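Beneath this line is the structure, given in structure tokens, with notes to follow.
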Amino acid sequence: MTLLEVKNLKKTYATRFGSVKVPALTNVSFTVEKGEYIAIMGESGSGKTTLLNIIATLDKPTGGEVLLDGSNTLRIPDKALAAFRRDNLGFVFQDFNLLDTFSLRDNIYLPLVLAGKNHTEMNKRLIPIADRLGITDILDKFPYEVSGGQSQRCAVARALITNPRIILADEPTGALDSHSAEALLALFRDINASGQTVFMVTHSVKAASNAGRVLFLRDGEVFHQLYRGERSNEALFGVISDTLTAMAAGGEANA
């Protein structure tokens, strides 16, 4: 079942006085099926972050459509966007975006507080997620009292607690050491295996090799895509590396 449709997406930025227009996305189209794990890769300036921000309704395109469950997100009134994001999208950022003055428990509760849920409902949702993510014993600590890996797990818990249709992850392993990054990627694999759709922007070949499909952007367009198929993480890692090398050399990619 198709969850997300991106159709002929374009985004052009103008300089301060509008004299020069810079294309970020020129013609991007793809679909995401419910339960897929997609990684987006490409060099800096390829349009990855712009694409993620438009899907997240944090930016608006110059042209094209973004459909979530068949509904055009670009038609949502500005005053309703915050509620739409809270109810449908889960966000995981490179720098965690946790509030230092809140305990980890309260950071995770925050989207439910904003949605007007009562404490009983919030606690009912948190208990199984915290147990699954291995953070039950640190919930009453503050972000500055735990490691980067633990902070990122709490950020994932905050993303999951609203039962989102899709998790949007922006360089989720970028601020983690190799051990914590591997643990987070294992967690994402587990989350995806349970049916959660994951859409991740990353520079990391290792992170991307955990996905079921990898889309490569170049010059604001989808240059190539790879499906995992029967490949292991190690085999997919090699094909991704070869594709990035071909892109950098200006050549064509292999399947």
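All residue names refer to the structure tokens as shown: chains lettered A, B, ... in order, residues numbered from 1 in each chain, ligands numbered from 1 in order.
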
Could you name the residues that touch range 51-63 of chain A at 7 Å or less, counting only C-alpha atoms, but leaving out those on the same chain fewer than 4 positions away, as a PyMOL selection string? chain A and resi 9-12+47

Give the alpha helix (DSSP H) residues of range 92-250 of chain A, as DSSP finds them on the backbone, and put them as a VMD selection string. chain A and resid 104 to 114 119 to 133 148 to 160 178 to 193 205 to 208 233 to 248

CA of Arg153 in chain A to CA of Ser194 in chain A, distance in Å rounded to a single decimal: 16.8 Å

Between CA of Pro128 in chain A and CA of Asn210 in chain A, what is the distance, to one decimal in Å? 24.2 Å

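CA of Lys48 in chain A to CA of Asp95 in chain A spans 17.4 Å [interatomic distance, one decimal].
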
Neighbouring residues of range 141-150 of chain A were defined as those with any atom within 6 Å, considering only C-alpha atoms; residues of the same chain fewer than 2 positions away were excluded. Please report them as a count of residues only. 8

Tell me which of A:Ala14, A:Ala193, A:Ala159, A:Ile38 sits closest to Gly212 in chain A, counting only C-alpha atoms. A:Ile38

Find the spatial neighbours of Gly195 in chain A, counting only C-alpha atoms, within a cut-off of 9 Å - ignore same-chain residues fewer than 6 positions away - and output them as a VMD selection string. chain A and resid 34 to 36

Just-selected residues, C-alpha atoms written as an mmCIF file, in the first residue's frame:
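Contents of out02.cif, as written:
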data_model
loop_
_atom_site.group_PDB
_atom_site.id
_atom_site.type_symbol
_atom_site.label_atom_id
_atom_site.label_comp_id
_atom_site.auth_asym_id
_atom_site.auth_seq_id
_atom_site.Cartn_x
_atom_site.Cartn_y
_atom_site.Cartn_z
ATOM 1 C CA LYS A 34 3.832 1.461 3.979
ATOM 2 C CA GLY A 35 6.476 -0.369 6.026
ATOM 3 C CA GLU A 36 9.422 0.550 3.782
#

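Of the listed residues (A:Leu4, A:Ile135, A:Ile40, A:Val156), A:Val156 comes nearest to Leu187 in chain A; the distances count only C-alpha atoms.
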
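The list of residues with at least one atom within 7 Å of range 196-207 of chain A, based on only C-alpha atoms and without residues fewer than 5 positions apart in the same chain, reads Lys34, Gly35, Glu36, Tyr37, Ile38, Ala39, Ile40, Met41, Lys48, Arg165, Ile166, Ile167, Leu168, Ala169, Asp170, Glu171, Leu185, Ile191, Phe237, Ile240 and Ser241 of chain A.
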
Since we have the selection now, will you write its residues out, keeping N, CA, C and O atoms, as a PDB file, in the first residue's frame?
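As written to disk, out31.pdb reads:
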ATOM      1  N   LYS A  34       3.955   1.608   2.527  1.00  0.00           N
ATOM      2  CA  LYS A  34       3.832   1.461   3.979  1.00  0.00           C
ATOM      3  C   LYS A  34       4.756   0.339   4.452  1.00  0.00           C
ATOM      4  O   LYS A  34       4.779  -0.743   3.880  1.00  0.00           O
ATOM      5  N   GLY A  35       5.568   0.622   5.476  1.00  0.00           N
ATOM      6  CA  GLY A  35       6.476  -0.369   6.026  1.00  0.00           C
ATOM      7  C   GLY A  35       7.846  -0.385   5.382  1.00  0.00           C
ATOM      8  O   GLY A  35       8.704  -1.181   5.774  1.00  0.00           O
ATOM      9  N   GLU A  36       8.100   0.488   4.409  1.00  0.00           N
ATOM     10  CA  GLU A  36       9.422   0.550   3.782  1.00  0.00           C
ATOM     11  C   GLU A  36      10.432   1.263   4.682  1.00  0.00           C
ATOM     12  O   GLU A  36      10.076   2.048   5.564  1.00  0.00           O
ATOM     13  N   TYR A  37      11.703   0.990   4.416  1.00  0.00           N
ATOM     14  CA  TYR A  37      12.810   1.666   5.079  1.00  0.00           C
ATOM     15  C   TYR A  37      13.656   2.251   3.948  1.00  0.00           C
ATOM     16  O   TYR A  37      14.356   1.549   3.245  1.00  0.00           O
ATOM     17  N   ILE A  38      13.558   3.573   3.761  1.00  0.00           N
ATOM     18  CA  ILE A  38      14.203   4.270   2.647  1.00  0.00           C
ATOM     19  C   ILE A  38      15.340   5.135   3.164  1.00  0.00           C
ATOM     20  O   ILE A  38      15.197   5.848   4.160  1.00  0.00           O
ATOM     21  N   ALA A  39      16.465   5.089   2.479  1.00  0.00           N
ATOM     22  CA  ALA A  39      17.569   5.999   2.762  1.00  0.00           C
ATOM     23  C   ALA A  39      17.771   6.914   1.563  1.00  0.00           C
ATOM     24  O   ALA A  39      17.700   6.470   0.414  1.00  0.00           O
ATOM     25  N   ILE A  40      18.007   8.187   1.822  1.00  0.00           N
ATOM     26  CA  ILE A  40      18.290   9.181   0.789  1.00  0.00           C
ATOM     27  C   ILE A  40      19.748   9.593   0.903  1.00  0.00           C
ATOM     28  O   ILE A  40      20.209   9.995   1.969  1.00  0.00           O
ATOM     29  N   MET A  41      20.488   9.494  -0.212  1.00  0.00           N
ATOM     30  CA  MET A  41      21.896   9.855  -0.210  1.00  0.00           C
ATOM     31  C   MET A  41      22.199  10.813  -1.353  1.00  0.00           C
ATOM     32  O   MET A  41      21.419  10.952  -2.295  1.00  0.00           O
ATOM     33  N   LYS A  48      18.988  16.820  -0.597  1.00  0.00           N
ATOM     34  CA  LYS A  48      18.488  15.873   0.407  1.00  0.00           C
ATOM     35  C   LYS A  48      17.704  16.565   1.515  1.00  0.00           C
ATOM     36  O   LYS A  48      16.579  16.175   1.837  1.00  0.00           O
ATOM     37  N   ARG A 165       2.728   7.918  11.204  1.00  0.00           N
ATOM     38  CA  ARG A 165       2.665   7.153   9.968  1.00  0.00           C
ATOM     39  C   ARG A 165       4.048   6.919   9.389  1.00  0.00           C
ATOM     40  O   ARG A 165       4.290   5.912   8.731  1.00  0.00           O
ATOM     41  N   ILE A 166       4.938   7.861   9.620  1.00  0.00           N
ATOM     42  CA  ILE A 166       6.284   7.752   9.053  1.00  0.00           C
ATOM     43  C   ILE A 166       7.287   8.421   9.996  1.00  0.00           C
ATOM     44  O   ILE A 166       6.990   9.460  10.587  1.00  0.00           O
ATOM     45  N   ILE A 167       8.444   7.773  10.155  1.00  0.00           N
ATOM     46  CA  ILE A 167       9.562   8.371  10.897  1.00  0.00           C
ATOM     47  C   ILE A 167      10.467   9.061   9.895  1.00  0.00           C
ATOM     48  O   ILE A 167      10.914   8.460   8.911  1.00  0.00           O
ATOM     49  N   LEU A 168      10.763  10.345  10.124  1.00  0.00           N
ATOM     50  CA  LEU A 168      11.681  11.112   9.294  1.00  0.00           C
ATOM     51  C   LEU A 168      12.965  11.318  10.092  1.00  0.00           C
ATOM     52  O   LEU A 168      12.947  11.958  11.151  1.00  0.00           O
ATOM     53  N   ALA A 169      14.059  10.760   9.607  1.00  0.00           N
ATOM     54  CA  ALA A 169      15.326  10.824  10.334  1.00  0.00           C
ATOM     55  C   ALA A 169      16.351  11.612   9.525  1.00  0.00           C
ATOM     56  O   ALA A 169      16.608  11.293   8.366  1.00  0.00           O
ATOM     57  N   ASP A 170      16.918  12.634  10.142  1.00  0.00           N
ATOM     58  CA  ASP A 170      17.896  13.491   9.474  1.00  0.00           C
ATOM     59  C   ASP A 170      19.273  13.240  10.077  1.00  0.00           C
ATOM     60  O   ASP A 170      19.560  13.669  11.189  1.00  0.00           O
ATOM     61  N   GLU A 171      20.132  12.514   9.353  1.00  0.00           N
ATOM     62  CA  GLU A 171      21.478  12.163   9.820  1.00  0.00           C
ATOM     63  C   GLU A 171      21.445  11.638  11.263  1.00  0.00           C
ATOM     64  O   GLU A 171      22.147  12.153  12.145  1.00  0.00           O
ATOM     65  N   LEU A 185      21.205   1.891  14.628  1.00  0.00           N
ATOM     66  CA  LEU A 185      20.811   1.274  13.357  1.00  0.00           C
ATOM     67  C   LEU A 185      20.113  -0.061  13.593  1.00  0.00           C
ATOM     68  O   LEU A 185      19.143  -0.399  12.898  1.00  0.00           O
ATOM     69  N   ILE A 191      12.560  -1.509  14.567  1.00  0.00           N
ATOM     70  CA  ILE A 191      11.352  -0.690  14.436  1.00  0.00           C
ATOM     71  C   ILE A 191      10.705  -0.918  13.079  1.00  0.00           C
ATOM     72  O   ILE A 191       9.486  -1.090  12.963  1.00  0.00           O
ATOM     73  N   PHE A 237      26.402  -2.351   1.175  1.00  0.00           N
ATOM     74  CA  PHE A 237      27.419  -1.341   1.463  1.00  0.00           C
ATOM     75  C   PHE A 237      28.339  -1.163   0.252  1.00  0.00           C
ATOM     76  O   PHE A 237      28.629  -0.033  -0.169  1.00  0.00           O
ATOM     77  N   ILE A 240      26.451   0.496  -2.718  1.00  0.00           N
ATOM     78  CA  ILE A 240      26.241   1.919  -2.436  1.00  0.00           C
ATOM     79  C   ILE A 240      27.540   2.697  -2.658  1.00  0.00           C
ATOM     80  O   ILE A 240      27.554   3.768  -3.281  1.00  0.00           O
ATOM     81  N   SER A 241      28.636   2.165  -2.159  1.00  0.00           N
ATOM     82  CA  SER A 241      29.937   2.824  -2.321  1.00  0.00           C
ATOM     83  C   SER A 241      30.288   2.985  -3.791  1.00  0.00           C
ATOM     84  O   SER A 241      30.763   4.048  -4.222  1.00  0.00           O
TER      85      SER A 241
END

Quick one: residues within 8 Å of Arg228 in chain A, only C-alpha atoms, excluding same-chain residues fewer than 4 positions away - as a PDB file with all heavy atoms, in the first residue's frame?
ATOM      1  N   ALA A 211      19.055   0.047   5.067  1.00  0.00           N
ATOM      2  CA  ALA A 211      17.738   0.328   4.497  1.00  0.00           C
ATOM      3  C   ALA A 211      17.329  -0.746   3.488  1.00  0.00           C
ATOM      4  O   ALA A 211      18.151  -1.532   3.012  1.00  0.00           O
ATOM      5  CB  ALA A 211      17.739   1.698   3.833  1.00  0.00           C
ATOM      6  N   GLY A 212      16.044  -0.738   3.164  1.00  0.00           N
ATOM      7  CA  GLY A 212      15.546  -1.658   2.154  1.00  0.00           C
ATOM      8  C   GLY A 212      15.671  -1.092   0.752  1.00  0.00           C
ATOM      9  O   GLY A 212      15.694  -1.838  -0.233  1.00  0.00           O
ATOM     10  N   ARG A 213      15.760   0.233   0.656  1.00  0.00           N
ATOM     11  CA  ARG A 213      15.924   0.894  -0.643  1.00  0.00           C
ATOM     12  C   ARG A 213      16.714   2.178  -0.438  1.00  0.00           C
ATOM     13  O   ARG A 213      16.529   2.869   0.574  1.00  0.00           O
ATOM     14  CB  ARG A 213      14.555   1.202  -1.261  1.00  0.00           C
ATOM     15  CG  ARG A 213      14.612   1.919  -2.601  1.00  0.00           C
ATOM     16  CD  ARG A 213      13.334   1.765  -3.437  1.00  0.00           C
ATOM     17  NE  ARG A 213      12.124   2.165  -2.775  1.00  0.00           N
ATOM     18  CZ  ARG A 213      11.320   3.158  -3.188  1.00  0.00           C
ATOM     19  NH1 ARG A 213      11.635   3.845  -4.276  1.00  0.00           N
ATOM     20  NH2 ARG A 213      10.217   3.444  -2.537  1.00  0.00           N
ATOM     21  N   SER A 232      23.031  -8.795   1.620  1.00  0.00           N
ATOM     22  CA  SER A 232      23.345  -8.543   3.022  1.00  0.00           C
ATOM     23  C   SER A 232      23.710  -7.074   3.190  1.00  0.00           C
ATOM     24  O   SER A 232      23.900  -6.346   2.199  1.00  0.00           O
ATOM     25  CB  SER A 232      24.533  -9.406   3.458  1.00  0.00           C
ATOM     26  OG  SER A 232      25.705  -9.016   2.736  1.00  0.00           O
ATOM     27  N   LEU A 236      25.284  -4.695   0.249  1.00  0.00           N
ATOM     28  CA  LEU A 236      24.650  -3.429  -0.108  1.00  0.00           C
ATOM     29  C   LEU A 236      25.609  -2.273   0.126  1.00  0.00           C
ATOM     30  O   LEU A 236      25.651  -1.315  -0.664  1.00  0.00           O
ATOM     31  CB  LEU A 236      23.365  -3.238   0.694  1.00  0.00           C
ATOM     32  CG  LEU A 236      22.486  -2.045   0.300  1.00  0.00           C
ATOM     33  CD1 LEU A 236      22.086  -2.121  -1.174  1.00  0.00           C
ATOM     34  CD2 LEU A 236      21.244  -1.972   1.189  1.00  0.00           C
TER      35      LEU A 236
END
